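Heads up: the structure comes next, in C-alpha cells.
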Amino acid sequence: MMKKELGLCLLLAVISAITGAINPAFLSFVNLLNMANLIGLFGVFALGEGLVIITGGIDLSLGSMFALLGVVFVDLLTTYQIYWPFALVLVLLGGLALGGVQGFLITRLKMQPFIVTLCGLLIYRGAARYYTSDSTRGFGYGDEASTLSNIASGNIAGIPNTFIFLIILALILGVLLHRSVYGRWLYAVGKNEEAARFSGISTNIVIATAYIISGGLAGVSTVLFVFYTNSVSPSSFGNFYELYAIAAAVLGGCSLRGGEGSILGVVLGTALLQVLQNLVNILGIPNSLNFAVMGTVILVGVLADQQLQARRRRKVALAGLARTAPKSTFAQEKQGASGGAAALPARTGDQA
Amino acid sequence: MAETLLELAGISKTYPGVKALDDVSLRVYRGEVLGLIGENGAGKSTLMRVLGGVIAPSDGVIRIGGKDHAQMTVSGATQAGIAFVHQELNLFENLDVAANVFIGREKRTGGPLKLVDDAEMRARVTPLLERLGADFKPDTLIENLSIAERQMVEIAKALSIDARVIIMDEPTSSLTISETERLLEVIADLTAHGISVIYISHRLGEIMTCADRVVVLRDGRTVGELARDELSHVAMIRLMIGRDLKELYTPPKRSPQPGGCDIVGLVTSAFPDRQINLSVRRGEILGLAGLVGAGRTSLARAAFGIDPLLGGEIRIDNAPVGVASPRDAIRQGIYLVPEDRKKSGLVLELPIRENVTLASLLNYARMWLVNGAAEHKVAKEQARSLSIKAPSIDMEAVTLSGGNQQKVVLGKWLSMQPRVMFFDEPTRGIDVGAKSEIYALMRKLADQGVAIVMISSDMEEVIGVSDRVAVMHEGSVSGVLEREQFSEYNVLRLAIGQAPETVEAAAP
C-alpha cells in the first residue's frame, strides 16, 4: 500500500535534485514557497477529486464550479456588501449543494458520473458567464474582506496559508479515508458496489457523500483562488482545473476503476505536477511544452505503476498455485499460518 | 477397446517451487464419456489447459491421431478437433448465435471487401441447432438466452469445428435439474456419433449417470481410474480426498424448536401476481428446490431487502419485521449468503479481515474510527473457527479457493447474530471436502437455533442436507416435503407444478 507513495516521494526527490543541480534557483527559498502556495491551491480540490475517483466516479465540473461560485462570492462581497463570514459560509454551502445535486443524480437517478459532471461543467460555466454578462469581477480598491484575504493568501512564518490549509485538510481526510468506517466503506463501494450493498452498506449515501465533500472542497478552493487572482473572469477562471485534479489523483495512485488511492498519494501527485510546471519555467524549456511534459510524465508514471502491479499479481497467482497444489507445502503453510510467514516457495520464484 | 482418439503421456507442469502436474497420463477413446474428477487444485484445469494449448507442459507428450506433440497451440488444438465448453461461458452477449459460433472464423463475402456473410453463417448454424434440439434461431441474441441455451451454443460451436473431443468443465453448475437431464441426453447423442466428451464435474451423481470411465486426479497426479462398473460415490470420494469421508452430511443434534421465520403472502417484483408462503423453524434447514427462474433467488433477495417487497410480510418469532434494505434485514438478523460469491458476497481485492468485518465494522469502531485491534481479533476468530486456509487474514480474498472464499462470506455473517440465514447455492463450484465442511457449518448453525433456508439446484444436496424441502414453481411454493417423502421424483414433480405421489401438496 505504501510502496506507491514511497515511489512517488523518491521520484519527487530525484526530479527536484536534478533540477536543483542544473539550476540552483529551483531550490531557492522564494521558489520553494511559491511552489508550496501553488501546491496548496491545487491540492485542496484534488483531495475531493481523489475521493470521488475512489468511488469509481469522476468529477469534471470543478473548474466551472470555481467560476460560478467565484463570481457569486465576489458579488456578495462587493455589490451586496455582505459581511465576509456570511459570504464565506454561503460559498461553502453552495459548493456542498452543487456536489449534493450531482451526487443525487448519480446515485438515486443512476446517471453516469461522467455525464452528470460534464453537464455540470457546461451549466456552471454558462451560468457564471450569463450572471456577469461575461465581464470580469474583481475587488475594487476598498478592503471588502481584508481579514479573509489575509487568511486566504497570507502566510505564517513565511509558509503560505494555502499550503497549511492543504496539510490540515489532508490530515482530516486522511483520517476519514484511512481510519474511519466511512473510508472503509468508500473503498469497498469503489471495488465492488454490489458486495457492499449485500453487506448492508448504504452505497448511495456513501457515494453521494464523496461528491458532497468534493463540492465543499471546491467551495474552499474557490475562496483561495479568488484571493490568489483577486479577480474572476467567468470565461477562463478555473478552466481545465478539474483535469489537474484528475491528473494529480491518477499520478498519486488512484485508479479510475475505483477502490484505489490514498490521500498522501493525491498530495504527492499534486506536488509532482507543480514541480513539473515549475521545472519547465526554471530550466528554460519553452512554456508551450508545459502540457506535453505533464502528459508524458503521467503516461510514464501510470505505465510503470501498471507494470509493477502486473508483476505483483503474477506473484500472487503463483503463491495461490503453491497454496493449492502439493499437499506438502500445504501442510507447512497450515503450521506457519499464524506467523503469516508461510514459506511459499513461489515467493522466491519470480525469475520465471 | 475402441480406437484411441487422444493420449496424454507423462504430462508434467512445473511452476517455480510447485509441481502442478506430475506425470499424468490419460487416454480418451472414441465415443466415450471420460469423467475427470478431483478436488479444486488437483490439476484438472491445468491439464485441460495443456490439452487446449493454453499452457505448455514441462514434460510429456500429447498424442493426437497417432502424432506426437511436445506441446499444443490453441489453433493446433482446434484443428485437431478439441473443443471446450467452459464453466464460465465465453460468449458475446451482444452478438447473435451464429456470430458467436463463428467468432474468429467469420464467413466472408463481397470479394476484396471481406464483409461478414451473416446469411451463410446462419444457414450453417441452423442444422447444428436442430441436431441439438435447440428451440432458438441462429439470429437470436445471446443475451436473450438462458444459461442452458448458451451452453447449447457452445456445443454447437464445438460441432461447427468438427470437434472430436469436447471438454466440458462443470457444465451443469448453473443448470436446473431438467436442463441437466437435457444436457446428458445431448452428450449421449454426441457419443453415439463417435464424439468423445471429457466431463469435469464435482457432482458425482452426474458422473455416475453419464461417465463410461472416470479418471481421478489428486495433487497433480493420476491417483486412479474407475471403470463403469466400479463407479460408486464412496470409491470416487476415497480416491479424490485420499481417505474415506466420514459423513458428507452432518445429522442434526436436536430437533427444530418453535419460533423461526414466517414468510406470509410475500409478493416479489419477479412475480407480481404470485404470493409466497413459507415457514422455517429455528434449528431447521429448509431446502428450497425448483427450476432456475422459479423465484427462489427473488424470494431471498426480497427477504434480504435487496429487491422491494410488493406485498406480504416477514415475521420472526411471530413479530413482523421491516426489511426495506439489506441494512434493515441485517439489523433483524436476516442474512444472505448470495449465489454469486465473487460478485455479491465478497470484495475480492480486500483482505480477508476487511471482508469479515464489512457488514459489522461499526461494532468495532468508536466515533466512526476503526479499532484495528478489535477488528483483527474478530477476523482471526472467524478464520480459526471456520478453518479458513490462508497464510494470514491480511491476504486478499481473491487468492483463496472457492471453498475458503465461501467461508469468508460465512465469517462475515457469523461474526454477528444470525436469526434467519438464506444460503443461495452455497456449494456451487466447491469441491467435496469443502462441501462437507460447509454442510457441517450449516448444521451447527441450525443446532444453535438459527432458521436456515438453503436454495439449491443440486438434488443430492437438497435431499441430503435438508430437514424439509419446499419446492417452488413459477413464483410460488408448490409443495413442502417432509423427510420421509424425500425423493428426486417428488421434488421434480413439484418443480414442474404437479402434485407429488403419495402426498398431497401443501396449500400454496
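Just so we're on the same page: first chain in the C-alpha cells is A, next is B, and so on; residues restart at 1 for each chain, and ligands are numbered from 1 in the order they show up.
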Report task. Within 9 Å of Ser16 of chain A, counting only C-alpha atoms, which residues show up once you throw out same-chain ones fewer than 4 positions away? Write them as a ChimeraX atom specification, please. Result -> /A:11-12,20-21,26-27,275,279
Within 7 Å of chain A: residues of chain B, using only C-alpha atoms, as a PDB file with C-alpha atoms, in the first residue's frame:
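Saved result, out_27.pdb, follows:
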```pdb
ATOM      1  CA  PRO B  16       8.693 -22.350  -9.716  1.00  0.00           C
ATOM      2  CA  GLY B  17       8.500 -24.300  -6.500  1.00  0.00           C
ATOM      3  CA  VAL B  18       5.310 -26.114  -7.419  1.00  0.00           C
ATOM      4  CA  LYS B  19       4.505 -29.194  -9.395  1.00  0.00           C
ATOM      5  CA  ALA B  20       1.020 -28.540 -10.713  1.00  0.00           C
ATOM      6  CA  GLY B  41      -6.379 -27.558  -7.208  1.00  0.00           C
ATOM      7  CA  ALA B  42      -5.928 -31.218  -8.092  1.00  0.00           C
ATOM      8  CA  ASP B 219      -2.289 -33.178  -6.051  1.00  0.00           C
ATOM      9  CA  GLY B 220      -1.364 -33.127  -9.714  1.00  0.00           C
ATOM     10  CA  PRO B 326     -30.196  -5.008   3.410  1.00  0.00           C
ATOM     11  CA  ARG B 327     -29.290  -2.789   6.347  1.00  0.00           C
ATOM     12  CA  ILE B 330     -29.083  -7.324   8.810  1.00  0.00           C
ATOM     13  CA  LYS B 343     -19.815 -10.597  -7.347  1.00  0.00           C
ATOM     14  CA  SER B 344     -22.106 -10.142  -4.367  1.00  0.00           C
ATOM     15  CA  GLY B 345     -20.532 -11.900  -1.434  1.00  0.00           C
ATOM     16  CA  LEU B 346     -17.013 -10.568  -1.313  1.00  0.00           C
ATOM     17  CA  VAL B 347     -14.925  -7.594  -2.243  1.00  0.00           C
ATOM     18  CA  LEU B 358     -17.515  -5.408   6.155  1.00  0.00           C
ATOM     19  CA  ALA B 359     -21.058  -5.689   7.435  1.00  0.00           C
ATOM     20  CA  LEU B 361     -17.489  -2.558  11.098  1.00  0.00           C
ATOM     21  CA  LEU B 362     -19.402  -0.058  13.226  1.00  0.00           C
ATOM     22  CA  TRP B 368     -16.570   6.069  13.452  1.00  0.00           C
ATOM     23  CA  LEU B 369     -12.865   5.366  13.817  1.00  0.00           C
ATOM     24  CA  VAL B 370     -11.980   1.725  13.309  1.00  0.00           C
ATOM     25  CA  ALA B 390      -4.790 -18.825   4.256  1.00  0.00           C
ATOM     26  CA  PRO B 391      -1.319 -17.771   5.373  1.00  0.00           C
ATOM     27  CA  SER B 392      -2.738 -14.674   7.025  1.00  0.00           C
ATOM     28  CA  THR B 399      -6.180 -15.546  -3.619  1.00  0.00           C
TER      29      THR B 399
END
```
Gly219 of chain A: which residues within 8 Å, counting only C-alpha atoms, same-chain residues fewer than 6 positions away excluded, as a PDB file with C-alpha atoms, in the first residue's frame?
```pdb
ATOM      1  CA  PHE A  66     -14.909  27.741  -9.244  1.00  0.00           C
ATOM      2  CA  LEU A  69     -19.011  30.205  -7.004  1.00  0.00           C
ATOM      3  CA  VAL A  91     -19.999  29.876  -0.903  1.00  0.00           C
ATOM      4  CA  LEU A  92     -19.108  26.737   1.038  1.00  0.00           C
ATOM      5  CA  LEU A  93     -22.800  25.814   1.245  1.00  0.00           C
ATOM      6  CA  GLY A  94     -23.068  26.478  -2.489  1.00  0.00           C
ATOM      7  CA  GLY A  95     -20.234  24.024  -3.160  1.00  0.00           C
ATOM      8  CA  LEU A  96     -21.789  21.398  -0.901  1.00  0.00           C
TER       9      LEU A  96
END
```
Mind checking which residues fall within 8 Å of segment 105-118 of chain A, counting only C-alpha atoms, ignoring those fewer than 3 positions away in the same chain, and posting them as a PDB file with C-alpha atoms, in the first residue's frame?
```pdb
ATOM      1  CA  GLY A  57     -16.672   8.017 -10.403  1.00  0.00           C
ATOM      2  CA  ILE A  58     -15.224  11.255 -11.702  1.00  0.00           C
ATOM      3  CA  ASP A  59     -15.907  14.952 -11.171  1.00  0.00           C
ATOM      4  CA  LEU A  60     -15.405  17.057 -14.286  1.00  0.00           C
ATOM      5  CA  SER A  61     -17.273  20.089 -13.001  1.00  0.00           C
ATOM      6  CA  VAL A 101     -27.176  17.641  -6.594  1.00  0.00           C
ATOM      7  CA  GLN A 102     -24.568  15.764  -8.618  1.00  0.00           C
ATOM      8  CA  LEU A 121     -19.068  21.718 -16.297  1.00  0.00           C
ATOM      9  CA  LEU A 122     -21.125  23.224 -19.115  1.00  0.00           C
ATOM     10  CA  ASN A 204     -25.867   5.524  -2.399  1.00  0.00           C
ATOM     11  CA  ILE A 205     -25.171   7.596   0.684  1.00  0.00           C
ATOM     12  CA  ILE A 207     -21.067   7.686  -2.950  1.00  0.00           C
ATOM     13  CA  ALA A 208     -23.157  10.855  -2.702  1.00  0.00           C
TER      14      ALA A 208
END
```
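Across B:Pro112, B:Ala156, B:Val101, B:Ser415, the tightest approach to Pro127 of chain B is made by B:Ala156 when counting only C-alpha atoms.
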Requested in this report: Using backbone DSSP assignments, extract all strand (DSSP E) residues from segment 113-205 of chain A; output them as a list in words.
Outcome: Arg137, Gly138, Asn155, Ile156, Ile159 and Pro160 of chain A
Query - atom CA of Ala499 of chain B to atom CA of Val477 of chain B, distance in Å rounded to a single decimal - result: 11.7 Å
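With only C-alpha atoms as the atoms that count, the minimum distance from Asn277 of chain B to the choices B:Glu488, B:Gly260, B:Ser478, B:Val450 is reached by B:Ser478.
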Query raised in the report: Which residues, written as a PyMOL selection string, have at least one atom at most 9 Å from Asn40 of chain B, with only C-alpha atoms counted and residues fewer than 5 positions away on the same chain left out?
Result: (chain A and resi 324) or (chain B and resi 45+401-403+429-432)
Let's have the selection written as a short mmCIF file (atom, residue, chain, number, x, y, z; two decimals), in the first residue's frame, with N, CA and C atoms.
```
data_model
loop_
_atom_site.label_atom_id
_atom_site.label_comp_id
_atom_site.auth_asym_id
_atom_site.auth_seq_id
_atom_site.Cartn_x
_atom_site.Cartn_y
_atom_site.Cartn_z
N THR A 324 -2.39 -24.29 -3.37
CA THR A 324 -3.37 -25.34 -3.60
C THR A 324 -2.75 -26.62 -4.13
N SER B 45 -7.92 -28.43 -14.22
CA SER B 45 -7.96 -27.30 -15.15
C SER B 45 -6.61 -27.11 -15.83
N SER B 401 -9.22 -20.28 -2.45
CA SER B 401 -10.02 -21.22 -3.24
C SER B 401 -11.50 -20.93 -3.00
N GLY B 402 -12.36 -21.49 -3.88
CA GLY B 402 -13.80 -21.24 -3.77
C GLY B 402 -14.36 -21.57 -2.40
N GLY B 403 -13.96 -22.70 -1.86
CA GLY B 403 -14.48 -23.12 -0.57
C GLY B 403 -14.09 -22.14 0.52
N GLY B 429 -19.56 -24.96 -7.31
CA GLY B 429 -18.15 -24.85 -7.68
C GLY B 429 -17.18 -25.12 -6.54
N ILE B 430 -17.67 -25.77 -5.49
CA ILE B 430 -16.81 -26.04 -4.34
C ILE B 430 -16.55 -27.54 -4.28
N ASP B 431 -15.32 -27.94 -3.94
CA ASP B 431 -15.03 -29.38 -4.01
C ASP B 431 -15.57 -30.15 -2.81
N VAL B 432 -15.54 -31.47 -2.94
CA VAL B 432 -16.24 -32.33 -1.99
C VAL B 432 -15.83 -32.10 -0.54
#
```
Requested in this report: Identify, on the basis of only C-alpha atoms, every residue whose closest approach to Gly38 of chain B does not exceed 6 Å; exclude the query and any residue fewer than 3 positions from it along the same chain; express the result as a list in words.
Outcome: Ala42, Val216, Leu217, Arg218 and Met240 of chain B
Suppose we keep C-alpha atoms; can you now write the selection as an mmCIF file, in the first residue's frame?
```cif
data_model
loop_
_atom_site.group_PDB
_atom_site.id
_atom_site.type_symbol
_atom_site.label_atom_id
_atom_site.label_comp_id
_atom_site.auth_asym_id
_atom_site.auth_seq_id
_atom_site.Cartn_x
_atom_site.Cartn_y
_atom_site.Cartn_z
ATOM 1 C CA ALA B 42 -5.928 -31.218 -8.092
ATOM 2 C CA VAL B 216 -9.252 -39.207 -10.642
ATOM 3 C CA LEU B 217 -6.579 -36.563 -10.060
ATOM 4 C CA ARG B 218 -5.152 -35.599 -6.713
ATOM 5 C CA MET B 240 -10.333 -37.769 -4.593
#
```
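Using only C-alpha atoms, the smallest distance between any of B:Gly242, B:Gly194, B:Gly283, B:Pro256 and Val33 of chain B comes from B:Gly194.
Distance check against Thr209 of chain B using only C-alpha atoms: of B:Leu309, B:Leu34, B:Ile11, B:Met472, the minimum falls on B:Leu34.
In this comparison, which uses only C-alpha atoms, the residue of B:Tyr199, B:Phe422, B:Tyr335, B:Tyr15 approaching Val28 of chain B most closely is B:Tyr199.
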Which residues are close to Gly138 of chain A, i.e. within 9 Å by only C-alpha atoms, leaving aside same-chain residues fewer than 5 positions away? Reply as an mmCIF file with N, CA and C atoms, in the first residue's frame.
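File produced: around09.cif:
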```cif
data_model
loop_
_atom_site.group_PDB
_atom_site.id
_atom_site.type_symbol
_atom_site.label_atom_id
_atom_site.label_comp_id
_atom_site.auth_asym_id
_atom_site.auth_seq_id
_atom_site.Cartn_x
_atom_site.Cartn_y
_atom_site.Cartn_z
ATOM 1 N N VAL A 71 -17.732 34.095 -9.015
ATOM 2 C CA VAL A 71 -18.411 35.363 -9.337
ATOM 3 C C VAL A 71 -19.461 35.679 -8.281
ATOM 4 N N VAL A 74 -17.544 37.052 -5.163
ATOM 5 C CA VAL A 74 -17.081 38.435 -5.322
ATOM 6 C C VAL A 74 -18.266 39.391 -5.282
ATOM 7 N N ASP A 75 -19.350 38.990 -5.928
ATOM 8 C CA ASP A 75 -20.540 39.828 -5.951
ATOM 9 C C ASP A 75 -21.117 40.040 -4.554
ATOM 10 N N THR A 78 -18.698 42.538 -2.881
ATOM 11 C CA THR A 78 -18.597 43.889 -3.415
ATOM 12 C C THR A 78 -19.962 44.526 -3.632
ATOM 13 N N VAL A 226 -9.861 32.969 -5.517
ATOM 14 C CA VAL A 226 -10.333 34.344 -5.688
ATOM 15 C C VAL A 226 -9.324 35.321 -5.084
ATOM 16 N N THR A 229 -6.002 35.400 -7.272
ATOM 17 C CA THR A 229 -6.018 36.181 -8.505
ATOM 18 C C THR A 229 -6.627 37.557 -8.305
ATOM 19 N N ASN A 230 -7.388 37.738 -7.207
ATOM 20 C CA ASN A 230 -8.062 39.000 -6.888
ATOM 21 C C ASN A 230 -9.139 39.422 -7.873
ATOM 22 N N SER A 231 -9.383 38.580 -8.881
ATOM 23 C CA SER A 231 -10.498 38.883 -9.770
ATOM 24 C C SER A 231 -10.950 37.578 -10.416
ATOM 25 N N VAL A 232 -12.185 37.578 -10.894
ATOM 26 C CA VAL A 232 -12.737 36.374 -11.504
ATOM 27 C C VAL A 232 -13.225 36.719 -12.902
ATOM 28 N N SER A 233 -12.587 36.125 -13.900
ATOM 29 C CA SER A 233 -13.086 36.318 -15.243
ATOM 30 C C SER A 233 -13.861 35.054 -15.605
#
```
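Among the candidates B:Asp23, B:Glu349, B:Asp467, B:Asp96, the one nearest to Ala451 of chain B when counting only C-alpha atoms is B:Asp467.
Here atom CA of Ala80 of chain B and atom CA of Arg122 of chain B stand 24.3 Å from one another.
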